[in-house]
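Q: File name my_file.tsv; file contents TSV, C-alpha atoms and all ligand atoms; full text below.
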```tsv
chain	number	residue	atom	x	y	z
A	55	MET	CA	83.98	104.41	70.45
A	56	GLN	CA	87.62	103.76	69.68
A	57	ALA	CA	90.29	104.72	72.18
A	58	SER	CA	92.27	107.71	71.07
A	59	GLU	CA	95.75	106.78	69.88
A	60	SER	CA	97.30	109.21	72.33
A	61	ALA	CA	95.41	108.00	75.41
A	62	SER	CA	97.40	106.48	78.27
A	63	ALA	CA	96.72	102.77	78.79
A	64	ILE	CA	95.53	103.61	82.30
A	65	ALA	CA	94.64	107.13	83.40
A	66	VAL	CA	93.48	107.75	86.94
A	67	ASP	CA	92.71	111.37	87.81
A	68	ASP	CA	91.90	112.70	91.27
A	69	LEU	CA	90.15	109.44	92.12
A	70	THR	CA	88.41	109.06	95.47
A	71	ARG	CA	86.46	106.19	96.95
A	72	THR	CA	84.96	106.38	100.41
A	73	PHE	CA	83.35	103.68	102.55
A	74	ARG	CA	81.11	104.16	105.53
A	75	GLY	CA	82.69	102.30	108.43
A	76	PRO	CA	81.46	101.45	111.93
A	77	GLN	CA	79.58	104.28	113.70
A	78	GLY	CA	79.05	105.91	110.32
A	79	ARG	CA	82.65	107.12	110.09
A	80	VAL	CA	83.73	107.81	106.52
A	81	LYS	CA	86.90	106.01	105.40
A	82	ARG	CA	88.73	107.31	102.34
A	83	ALA	CA	90.11	104.10	100.83
A	84	VAL	CA	91.33	106.06	97.78
A	85	ASP	CA	91.96	109.74	98.38
A	86	GLY	CA	92.61	111.99	95.38
A	87	LEU	CA	94.80	109.49	93.54
A	88	SER	CA	96.25	110.31	90.12
A	89	LEU	CA	98.30	107.81	88.20
A	90	HIS	CA	99.07	107.21	84.55
A	91	VAL	CA	100.42	104.06	82.92
A	92	GLU	CA	101.64	104.39	79.35
A	93	ARG	CA	101.11	101.70	76.72
A	94	GLY	CA	103.61	98.87	76.97
A	95	GLU	CA	104.69	99.91	80.45
A	96	MET	CA	104.73	97.72	83.56
A	97	VAL	CA	103.89	99.67	86.69
A	98	GLY	CA	103.83	98.37	90.27
A	99	LEU	CA	101.31	99.65	92.79
A	100	LEU	CA	102.90	99.32	96.22
A	101	GLY	CA	101.77	100.12	99.72
A	102	PRO	CA	101.11	98.63	103.14
A	103	ASN	CA	97.88	96.78	104.02
A	104	GLY	CA	94.92	99.09	103.71
A	105	ALA	CA	96.74	101.62	101.49
A	106	GLY	CA	93.98	101.49	98.87
A	107	LYS	CA	95.60	99.32	96.17
A	108	THR	CA	92.78	96.78	95.89
A	109	SER	CA	90.12	99.50	95.85
A	110	THR	CA	91.98	101.21	92.99
A	111	VAL	CA	92.30	97.92	91.11
A	112	LYS	CA	88.61	97.14	91.67
A	113	ILE	CA	87.61	100.52	90.21
A	114	LEU	CA	89.77	99.80	87.15
A	115	MET	CA	88.14	96.34	86.90
A	116	THR	CA	84.76	98.12	86.87
A	117	VAL	CA	83.51	96.21	89.93
A	118	LEU	CA	83.65	99.20	92.31
A	119	LEU	CA	82.31	102.67	91.55
A	120	PRO	CA	84.44	105.72	92.30
A	121	THR	CA	83.00	108.30	94.70
A	122	SER	CA	84.59	111.07	92.64
A	123	GLY	CA	87.30	111.59	90.06
A	124	ARG	CA	87.89	109.56	86.90
A	125	ALA	CA	89.56	106.39	85.75
A	126	ARG	CA	90.00	105.42	82.11
A	127	VAL	CA	91.48	102.42	80.32
A	128	LEU	CA	92.77	103.16	76.82
A	129	GLY	CA	90.67	106.30	76.87
A	130	HIS	CA	87.44	104.57	77.97
A	131	ASP	CA	85.75	105.64	81.17
A	132	VAL	CA	85.43	102.79	83.70
A	133	VAL	CA	81.91	103.91	84.67
A	134	ALA	CA	80.34	105.14	81.43
A	135	GLN	CA	82.04	102.53	79.20
A	136	ALA	CA	82.45	99.66	81.63
A	137	GLN	CA	81.76	96.98	79.04
A	138	THR	CA	84.45	98.24	76.67
A	139	VAL	CA	86.89	98.50	79.57
A	140	ARG	CA	86.15	94.88	80.53
A	141	ARG	CA	86.82	93.77	76.98
A	142	LEU	CA	90.17	95.55	76.89
A	143	THR	CA	91.34	94.51	80.36
A	144	GLY	CA	92.48	91.14	81.70
A	145	VAL	CA	92.24	90.83	85.45
A	146	ILE	CA	94.26	88.23	87.30
A	147	LEU	CA	93.40	87.96	90.97
A	148	GLY	CA	94.76	84.52	91.88
A	149	GLY	CA	93.99	82.40	94.91
A	150	ASP	CA	91.57	79.49	95.02
A	151	GLN	CA	88.56	81.44	93.86
A	152	GLY	CA	87.57	81.85	90.24
A	153	LEU	CA	88.49	78.35	89.02
A	154	TYR	CA	86.43	75.17	88.97
A	155	ALA	CA	88.44	72.71	91.07
A	156	ARG	CA	86.71	69.61	89.69
A	157	LEU	CA	87.33	70.55	86.08
A	158	SER	CA	90.63	70.23	84.22
A	159	ALA	CA	92.63	73.32	83.24
A	160	ARG	CA	91.53	72.85	79.64
A	161	ASP	CA	87.84	72.59	80.56
A	162	ASN	CA	88.13	75.62	82.84
A	163	LEU	CA	89.51	77.67	79.97
A	164	LEU	CA	86.89	76.37	77.50
A	165	LEU	CA	84.14	77.23	79.97
A	166	PHE	CA	85.40	80.76	80.55
A	167	ALA	CA	86.00	81.21	76.81
A	168	ASP	CA	82.31	80.34	76.33
A	169	LEU	CA	81.31	82.82	79.02
A	170	TYR	CA	83.40	85.53	77.34
A	171	GLY	CA	81.59	84.72	74.07
A	172	LEU	CA	84.73	83.60	72.23
A	173	PRO	CA	83.69	81.89	68.96
A	174	TYR	CA	84.27	78.11	68.94
A	175	ARG	CA	87.01	78.24	66.30
A	176	GLU	CA	88.81	80.91	68.29
A	177	GLN	CA	88.52	78.79	71.47
A	178	LYS	CA	90.10	75.79	69.74
A	179	ARG	CA	93.08	77.89	68.75
A	180	ARG	CA	93.40	80.07	71.84
A	181	VAL	CA	93.03	77.51	74.67
A	182	PRO	CA	95.96	75.21	73.67
A	183	GLU	CA	98.06	78.27	72.82
A	184	LEU	CA	97.51	79.74	76.31
A	185	LEU	CA	98.05	76.40	78.07
A	186	ASP	CA	101.36	76.18	76.25
A	187	MET	CA	102.32	79.75	77.13
A	188	VAL	CA	101.75	79.18	80.86
A	189	GLY	CA	103.50	75.79	80.76
A	190	LEU	CA	100.45	73.66	81.58
A	191	SER	CA	100.03	71.72	78.31
A	192	GLY	CA	101.31	68.50	79.90
A	193	GLU	CA	98.81	68.73	82.76
A	194	ALA	CA	95.94	70.31	80.89
A	195	ARG	CA	93.58	67.36	81.40
A	196	LYS	CA	94.19	66.97	85.15
A	197	ARG	CA	91.67	68.32	87.60
A	198	VAL	CA	92.61	71.72	88.99
A	199	GLU	CA	92.14	70.43	92.56
A	200	SER	CA	95.35	68.41	92.08
A	201	TYR	CA	97.33	71.51	91.06
A	202	SER	CA	99.95	73.28	93.17
A	203	ARG	CA	99.37	76.94	94.04
A	204	GLY	CA	101.86	78.02	91.38
A	205	MET	CA	100.08	75.96	88.70
A	206	LYS	CA	96.73	77.44	89.72
A	207	GLN	CA	98.21	80.91	89.47
A	208	ARG	CA	99.49	80.16	85.97
A	209	LEU	CA	96.02	78.97	85.03
A	210	HIS	CA	94.59	82.24	86.41
A	211	ILE	CA	96.95	84.08	84.07
A	212	ALA	CA	95.77	81.99	81.10
A	213	ARG	CA	92.17	82.69	82.08
A	214	GLY	CA	92.81	86.43	82.34
A	215	LEU	CA	94.34	86.45	78.84
A	216	LEU	CA	91.62	84.42	77.06
A	217	HIS	CA	90.07	87.46	75.39
A	218	ASP	CA	93.51	88.80	74.37
A	219	PRO	CA	93.36	92.01	76.45
A	220	ASP	CA	95.65	94.97	75.82
A	221	VAL	CA	95.87	95.85	79.51
A	222	VAL	CA	96.55	93.32	82.25
A	223	ILE	CA	95.98	93.94	85.95
A	224	LEU	CA	97.53	91.50	88.40
A	225	ASP	CA	96.82	91.56	92.13
A	226	GLU	CA	99.74	90.06	94.07
A	227	PRO	CA	100.66	87.46	91.43
A	228	SER	CA	103.21	85.51	93.47
A	229	ASN	CA	101.55	85.68	96.88
A	230	GLY	CA	102.08	82.36	98.66
A	231	ILE	CA	104.03	80.79	95.77
A	232	ASP	CA	107.36	79.03	96.40
A	233	PRO	CA	110.53	80.77	95.10
A	234	VAL	CA	110.90	78.64	91.96
A	235	GLY	CA	107.22	78.98	91.06
A	236	ALA	CA	107.40	82.73	91.75
A	237	ARG	CA	110.38	83.08	89.43
A	238	GLU	CA	108.50	81.28	86.64
A	239	LEU	CA	105.51	83.53	87.23
A	240	ARG	CA	107.64	86.65	87.01
A	241	ALA	CA	109.01	85.44	83.66
A	242	LEU	CA	105.44	84.92	82.49
A	243	VAL	CA	104.41	88.40	83.61
A	244	ARG	CA	107.46	89.93	81.91
A	245	GLU	CA	106.54	88.10	78.70
A	246	GLN	CA	103.22	89.96	78.62
A	247	VAL	CA	105.03	93.27	78.23
A	248	HIS	CA	107.23	91.77	75.50
A	249	ARG	CA	103.99	90.84	73.76
A	250	GLY	CA	103.01	94.51	73.78
A	251	ARG	CA	100.61	94.46	76.72
A	252	THR	CA	100.46	97.05	79.47
A	253	VAL	CA	100.69	95.66	82.99
A	254	LEU	CA	99.66	97.10	86.34
A	255	LEU	CA	100.51	94.90	89.28
A	256	THR	CA	100.16	95.14	93.02
A	257	THR	CA	102.73	93.38	95.15
A	258	HIS	CA	104.13	93.30	98.65
A	259	TYR	CA	107.43	91.87	97.36
A	260	MET	CA	109.81	94.73	96.71
A	261	PHE	CA	112.39	92.62	94.86
A	262	GLU	CA	109.57	91.56	92.51
A	263	ALA	CA	108.66	95.18	91.82
A	264	ASP	CA	112.33	96.04	91.38
A	265	GLU	CA	112.91	93.18	88.95
A	266	LEU	CA	109.77	93.63	86.87
A	267	CYS	CA	108.52	97.20	86.92
A	268	ASP	CA	109.50	100.15	84.76
A	269	ARG	CA	107.95	102.39	87.40
A	270	VAL	CA	106.39	102.03	90.81
A	271	VAL	CA	103.74	104.07	92.58
A	272	VAL	CA	103.73	103.94	96.38
A	273	MET	CA	100.41	104.48	98.17
A	274	ARG	CA	99.59	105.06	101.79
A	275	ASP	CA	96.23	106.00	103.33
A	276	GLY	CA	94.66	106.16	99.87
A	277	GLN	CA	97.19	108.69	98.57
A	278	LYS	CA	100.23	108.50	96.32
A	279	ILE	CA	103.30	109.27	98.41
A	280	ALA	CA	105.99	108.48	95.83
A	281	GLU	CA	106.38	107.55	92.18
A	282	GLY	CA	109.33	106.78	89.95
A	283	THR	CA	111.60	104.10	88.56
A	284	PRO	CA	112.91	101.64	91.14
A	285	GLU	CA	116.35	103.21	90.60
A	286	SER	CA	115.11	106.74	91.26
A	287	LEU	CA	113.40	105.65	94.48
A	288	LYS	CA	116.57	103.92	95.65
A	289	LYS	CA	118.46	107.15	94.93
A	290	GLN	CA	116.13	108.99	97.33
A	291	THR	CA	117.87	107.10	100.09
A	292	ASP	CA	121.00	108.87	98.79
A	293	GLY	CA	124.05	108.67	100.94
A	294	GLN	CA	122.67	105.77	102.93
A	295	VAL	CA	124.64	102.64	103.65
A	296	VAL	CA	123.06	99.56	105.13
A	297	LEU	CA	125.07	97.45	107.54
A	298	THR	CA	123.52	93.98	107.77
A	299	VAL	CA	124.41	91.83	110.77
A	300	HIS	CA	123.38	88.17	110.98
A	301	LEU	CA	123.21	87.27	114.64
A	302	ASN	CA	121.54	85.30	117.40
A	303	GLY	CA	120.14	86.33	120.76
A	304	ALA	CA	119.65	90.09	120.18
A	305	GLY	CA	116.80	91.87	121.98
A	306	GLU	CA	115.12	95.27	122.08
A	307	ASP	CA	117.83	96.60	124.45
A	308	ASP	CA	120.53	95.88	121.86
A	309	VAL	CA	118.47	97.56	119.14
A	310	ALA	CA	117.92	100.62	121.35
A	311	ARG	CA	121.67	100.96	122.07
A	312	VAL	CA	122.55	100.72	118.36
A	313	ARG	CA	119.80	103.21	117.52
A	314	ALA	CA	121.28	105.71	119.98
A	315	LEU	CA	124.71	105.71	118.27
A	316	PRO	CA	125.72	108.88	116.35
A	317	GLY	CA	125.11	108.78	112.57
A	318	ILE	CA	122.45	106.07	112.73
A	319	GLN	CA	119.29	106.76	110.68
A	320	SER	CA	117.24	103.65	111.41
A	321	VAL	CA	117.61	100.14	112.82
A	322	SER	CA	115.40	97.10	112.32
A	323	LEU	CA	115.65	93.60	113.76
A	324	SER	CA	113.89	90.65	112.12
A	325	ASP	CA	113.88	86.85	112.42
A	326	ARG	CA	115.31	85.01	109.46
A	327	ASP	CA	115.62	81.22	109.18
A	328	ALA	CA	117.12	80.02	112.47
A	329	GLY	CA	118.65	83.38	113.44
A	330	GLN	CA	118.12	87.14	113.28
A	331	VAL	CA	119.05	89.97	110.95
A	332	LEU	CA	119.83	93.49	112.13
A	333	ASP	CA	119.71	96.17	109.40
A	334	VAL	CA	121.40	99.42	110.37
A	335	HIS	CA	120.97	102.43	108.07
A	336	SER	CA	123.53	105.20	108.37
A	337	GLY	CA	124.96	108.10	106.37
A	338	GLN	CA	127.77	107.34	103.94
A	339	GLN	CA	130.26	109.53	105.78
A	340	THR	CA	130.24	107.59	109.01
A	341	ASP	CA	131.49	104.02	109.18
A	342	VAL	CA	129.45	102.68	112.05
A	343	THR	CA	130.63	99.06	111.84
A	344	ALA	CA	132.98	99.10	114.84
A	345	ALA	CA	130.58	101.09	117.02
A	346	VAL	CA	127.64	98.78	116.18
A	347	LEU	CA	129.66	95.64	116.90
A	348	ALA	CA	130.80	97.12	120.21
A	349	GLU	CA	127.13	97.51	121.23
A	350	LEU	CA	126.45	93.88	120.26
A	351	ARG	CA	129.16	92.41	122.47
A	352	GLY	CA	126.68	90.30	124.45
A	353	VAL	CA	125.14	88.53	121.43
A	354	SER	CA	126.49	86.00	118.99
A	355	VAL	CA	127.38	87.74	115.70
A	356	LEU	CA	127.64	85.37	112.73
A	357	GLN	CA	128.23	87.62	109.74
A	358	VAL	CA	128.55	91.34	108.97
A	359	PHE	CA	128.40	93.04	105.58
A	360	LYS	CA	127.66	96.41	104.02
A	361	ARG	CA	125.37	96.89	101.07
A	362	GLU	CA	123.68	99.53	98.91
A	363	PRO	CA	120.04	100.31	99.78
A	364	THR	CA	117.48	98.13	97.99
A	365	LEU	CA	113.99	99.12	96.83
A	366	GLU	CA	112.71	97.56	100.06
A	367	ASP	CA	114.94	99.92	102.09
A	368	ALA	CA	113.64	102.89	100.05
A	369	TYR	CA	110.06	101.69	100.52
A	370	VAL	CA	110.42	101.24	104.28
A	371	SER	CA	111.95	104.67	104.62
A	372	LEU	CA	109.17	106.22	102.46
A	373	ILE	CA	106.41	104.49	104.40
A	374	SER	CA	107.83	105.34	107.80
A	375	GLY	CA	108.54	108.90	106.66
A	376	ALA	CA	104.91	109.28	105.60
A	377	ALA	CA	103.60	107.91	108.90
A	378	ARG	CA	101.29	110.28	110.62
A	401	LIG	N1	83.92	97.22	101.22
A	401	LIG	C1	84.54	97.95	102.14
A	401	LIG	N2	83.86	98.47	103.20
A	401	LIG	C2	84.49	99.22	104.13
A	401	LIG	N3	85.80	99.53	104.09
A	401	LIG	C3	86.52	99.03	103.09
A	401	LIG	C4	85.95	98.23	102.04
A	401	LIG	N4	86.92	97.89	101.15
A	401	LIG	C5	88.06	98.46	101.61
A	401	LIG	N5	87.83	99.15	102.75
A	401	LIG	C6	88.83	99.90	103.53
A	401	LIG	O1	89.53	100.75	102.66
A	401	LIG	C7	90.92	100.78	102.97
A	401	LIG	C8	91.74	100.39	101.76
A	401	LIG	O2	91.54	99.00	101.50
A	401	LIG	P1	92.19	98.24	100.25
A	401	LIG	O3	91.72	96.82	100.32
A	401	LIG	O4	91.93	99.00	99.02
A	401	LIG	O5	93.75	98.32	100.60
A	401	LIG	P2	94.98	97.48	100.03
A	401	LIG	O6	96.08	98.46	99.80
A	401	LIG	O7	94.55	96.67	98.87
A	401	LIG	O8	95.36	96.50	101.23
A	401	LIG	P3	95.96	94.99	101.17
A	401	LIG	O9	97.40	95.12	100.83
A	401	LIG	O10	95.73	94.52	102.56
A	401	LIG	O11	95.17	94.22	100.15
A	401	LIG	C9	91.10	99.86	104.18
A	401	LIG	O12	91.07	100.65	105.35
A	401	LIG	C10	89.90	98.96	104.11
A	401	LIG	O13	89.53	98.52	105.40
```
Just give me the structure of the file as structure tokens.
A:
Amino acid sequence: MQASESASAIAVDDLTRTFRGPQGRVKRAVDGLSLHVERGEMVGLLGPNGAGKTSTVKILMTVLLPTSGRARVLGHDVVAQAQTVRRLTGVILGGDQGLYARLSARDNLLLFADLYGLPYREQKRRVPELLDMVGLSGEARKRVESYSRGMKQRLHIARGLLHDPDVVILDEPSNGIDPVGARELRALVREQVHRGRTVLLTTHYMFEADELCDRVVVMRDGQKIAEGTPESLKKQTDGQVVLTVHLNGAGEDDVARVRALPGIQSVSLSDRDAGQVLDVHSGQQTDVTAAVLAELRGVSVLQVFKREPTLEDAYVSLISGAAR
């Protein structure tokens, strides 16, 4: 059966997946989720650990059955037409699994091309083309065990694209990759959309979602709690200003005093490099800089600046707002 021209690339409707946990308790990993990805779109699936992203992705990959609801790829049902869905979808999971460490990149791709049933002539054309696209032509004959994490991830992408899928699903593509490698990977992912593919990706990196995605869907406890363009989600933090203070020696007492100031919406303290960063969210009307610095008199303040909220700020405020 051909996919209808009007079908969304990915259509998830009222999808639920439950697991039986310890003591027979039922856990709803995916709980009534609906999400649609249009053809040629790149959508990010965001959410904290345990939100249900991987379960959703596994259902779309046809390796996990839904408990109820429906999921379709280009109009094909992931349960009833699993084989067609697998043919149309490229799944890129990353990590050390799924590649043969003792084989070269080229031999890995030839092996998987065989497994996918790609005709020999097609393999001879497709494998060098993909190695070139992911920038591994020069190292194609080296064993994968000598590859860096970033190179392995690029090889995973080549592997996922062997059968020229229309829809690509990536699970945390730049997890554990150094900043330069991650930037190259993002360029590679972006290129897939330029080539007309539809991309769904999960990520914990908000700047990655902001840079790459046309839209993001935020999940928590198996449910969708927000959806929109990165810009529209940032706007939901409307009126917020973030005061960022780089400092040393701050403790919970300092955070509590700043949090108690009038006009403050939220405060977070994190370690960064050799020092600390205090992010103070407040309403636009109140300039809290002087009051915050007064409360930090006992600590060493290195730098202070104000900035617009980022997607990460919007995400943190969404996730904490949805906390039960
Ligand atoms: N096979 C399983 N058996 C029991 N519970 C499971 C199983 N798979 C997932 N879960 C539970 O379902 C919930 C959602 O898990 P899932 O892996 O889909 O979340 P996630 O958003 O991908 O998290 P992460 O960001 O950590 O990968 C979690 O509470 C998890 O413990």
Q: With all atoms listed in the file as the basis for distance, which of A:Met260, A:Leu89, A:Leu266, A:Val299 is at the shortest distance from Leu347 in chain A?
A: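 Closest to Leu347 in chain A of all the choices is A:Val299.
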Q: Between CA of Arg82 in chain A and CA of Ile279 in chain A, measure the distance and give it in Å to one decimal.
A: 15.2 Å
Q: Compile the contact shell of Ile211 in chain A as a list in words: residues with an atom at most 7 Å away, counting all atoms listed in the file, same-chain residues fewer than 4 positions apart removed.
A: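 Result of the neighbour search: Ile146, Gln207 and Leu215 of chain A.
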Q: Output the neighbourhood of ligand LIG 401 (chain A) as a list of chain:residue names, that is, all protein and nucleic acid residues with some atom at most 7 Å from the ligand, counting all atoms listed in the file.
A: A:Phe73, A:Arg74, A:Gly75, A:Lys81, A:Arg82, A:Ala83, A:Val84, A:Gly101, A:Pro102, A:Asn103, A:Gly104, A:Ala105, A:Gly106, A:Lys107, A:Thr108, A:Ser109, A:Thr110, A:Gly276
Q: Put the listed atoms of range 156-172 of chain A in a box along x, y and z with 3 Å added on every side and give me the centre and edge lengths in Å to one decimal, as JSON.
A:
```
{"center_x": 87.0, "center_y": 77.6, "center_z": 81.0, "size_x": 17.3, "size_y": 21.9, "size_z": 23.5}
```
Q: Please produce, as a Markdown table, a per-residue contact table for range 164-220 of chain A versus range 231-243 of chain A (criterion: any atom at most 9 Å away, all atoms listed in the file considered), showing the nearest atom pair and its distance in Å to one decimal, sorted by chain then residue number.
A:
```
| residue | atom | partner | partner_atom | distance |
| --- | --- | --- | --- | --- |
| A:Met187 | CA | A:Leu242 | CA | 8.1 |
| A:Val188 | CA | A:Leu242 | CA | 7.0 |
| A:Ser202 | CA | A:Ile231 | CA | 8.9 |
| A:Arg203 | CA | A:Ile231 | CA | 6.3 |
| A:Gly204 | CA | A:Gly235 | CA | 5.5 |
| A:Met205 | CA | A:Gly235 | CA | 8.1 |
| A:Gln207 | CA | A:Leu239 | CA | 8.1 |
| A:Arg208 | CA | A:Leu239 | CA | 7.0 |
| A:Ile211 | CA | A:Val243 | CA | 8.6 |
```
Q: How many Å lie between CA of Leu323 in chain A and CA of Gln290 in chain A, rounded to one decimal?
A: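 Value for the CA of Leu323 in chain A-CA of Gln290 in chain A distance: 22.5 Å.
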Q: In file coordinates, which residues lie within 12 Å of (87.1, 81.6, 91.6) using all atoms listed in the file, given as a PyMOL selection string?
A: chain A and resi 146-155+162+166+198+206-207+209-210+213-214
Q: Using all atoms listed in the file for the distances, tell me which of A:Asp225, A:Glu199, A:Glu176, A:Asp341 is nearest to Gly317 in chain A.
A: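 So, comparing all the options, the nearest one is A:Asp341.
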Q: In terms of the shortest atom-to-atom distance over all atoms listed in the file, which of A:Thr121, A:Ser320, A:Thr283, A:Thr298 is closest to Val355 in chain A?
A: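 Among the listed residues, the smallest separation from Val355 in chain A belongs to A:Thr298.
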Q: Please provide the set of residues having any atom within 9 Å of Val139 in chain A, restricted to only C-alpha atoms, with same-chain residues fewer than 2 positions apart removed, written as a list in words.
A: Leu114, Met115, Thr116, Arg126, Val127, Leu128, His130, Asp131, Val132, Val133, Gln135, Ala136, Gln137, Arg141, Leu142 and Thr143 of chain A
Q: With a distance cut-off of 7 Å and only C-alpha atoms, select the neighbouring residues of Gly86 in chain A, excluding the residue or stretch itself and same-chain residues fewer than 2 positions from it, and output the selection as a VMD selection string.
A: chain A and resid 68 to 70 84 88 277
Q: Quick one: distance from CA of Tyr201 in chain A to CA of Leu254 in chain A in Å, one decimal?
A: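 We find that CA of Tyr201 in chain A and CA of Leu254 in chain A lie 26.1 Å from each other.
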Q: So that I can see what lies close to Ser336 in chain A, please list as a PDB file with C-alpha atoms, in the coordinates of the input the residues with an atom at most 9 Å from it, counting only C-alpha atoms and leaving out residues fewer than 2 positions away in the same chain.
A:
```pdb
ATOM      1  CA  GLY A 293     124.050 108.670 100.940  1.00  0.00           C
ATOM      2  CA  GLN A 294     122.670 105.770 102.930  1.00  0.00           C
ATOM      3  CA  VAL A 295     124.640 102.640 103.650  1.00  0.00           C
ATOM      4  CA  VAL A 296     123.060  99.560 105.130  1.00  0.00           C
ATOM      5  CA  LEU A 297     125.070  97.450 107.540  1.00  0.00           C
ATOM      6  CA  GLY A 317     125.110 108.780 112.570  1.00  0.00           C
ATOM      7  CA  ILE A 318     122.450 106.070 112.730  1.00  0.00           C
ATOM      8  CA  GLN A 319     119.290 106.760 110.680  1.00  0.00           C
ATOM      9  CA  SER A 320     117.240 103.650 111.410  1.00  0.00           C
ATOM     10  CA  VAL A 321     117.610 100.140 112.820  1.00  0.00           C
ATOM     11  CA  VAL A 334     121.400  99.420 110.370  1.00  0.00           C
ATOM     12  CA  GLN A 338     127.770 107.340 103.940  1.00  0.00           C
ATOM     13  CA  GLN A 339     130.260 109.530 105.780  1.00  0.00           C
ATOM     14  CA  THR A 340     130.240 107.590 109.010  1.00  0.00           C
ATOM     15  CA  ASP A 341     131.490 104.020 109.180  1.00  0.00           C
ATOM     16  CA  VAL A 342     129.450 102.680 112.050  1.00  0.00           C
TER      17      VAL A 342
END
```
Q: Extract, using only C-alpha atoms, all DNA, RNA and protein residues at most 12 Å from Asp168 in chain A, discarding same-chain residues fewer than 6 positions from it, and format them as a list of chain:residue names.
A: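 Non-adjacent residues within range: A:Asp161, A:Asn162, A:Tyr174, A:Arg175, A:Glu176, A:Gln177, A:Lys178, A:Arg180, A:Val181, A:Arg213, A:Leu216, A:His217.
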Q: Could you give me, as a tab-separated table (two decimals) with C-alpha atoms, keeping the file's coordinate frame, the residues that have an atom at most 7 Å away from the point (98.9, 98.1, 79.2) in the coordinates of the file, using only C-alpha atoms?
A:
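Here's the written file out.tsv:
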```tsv
chain	number	residue	atom	x	y	z
A	63	ALA	CA	96.72	102.77	78.79
A	92	GLU	CA	101.64	104.39	79.35
A	93	ARG	CA	101.11	101.70	76.72
A	94	GLY	CA	103.61	98.87	76.97
A	95	GLU	CA	104.69	99.91	80.45
A	220	ASP	CA	95.65	94.97	75.82
A	221	VAL	CA	95.87	95.85	79.51
A	222	VAL	CA	96.55	93.32	82.25
A	251	ARG	CA	100.61	94.46	76.72
A	252	THR	CA	100.46	97.05	79.47
A	253	VAL	CA	100.69	95.66	82.99
```
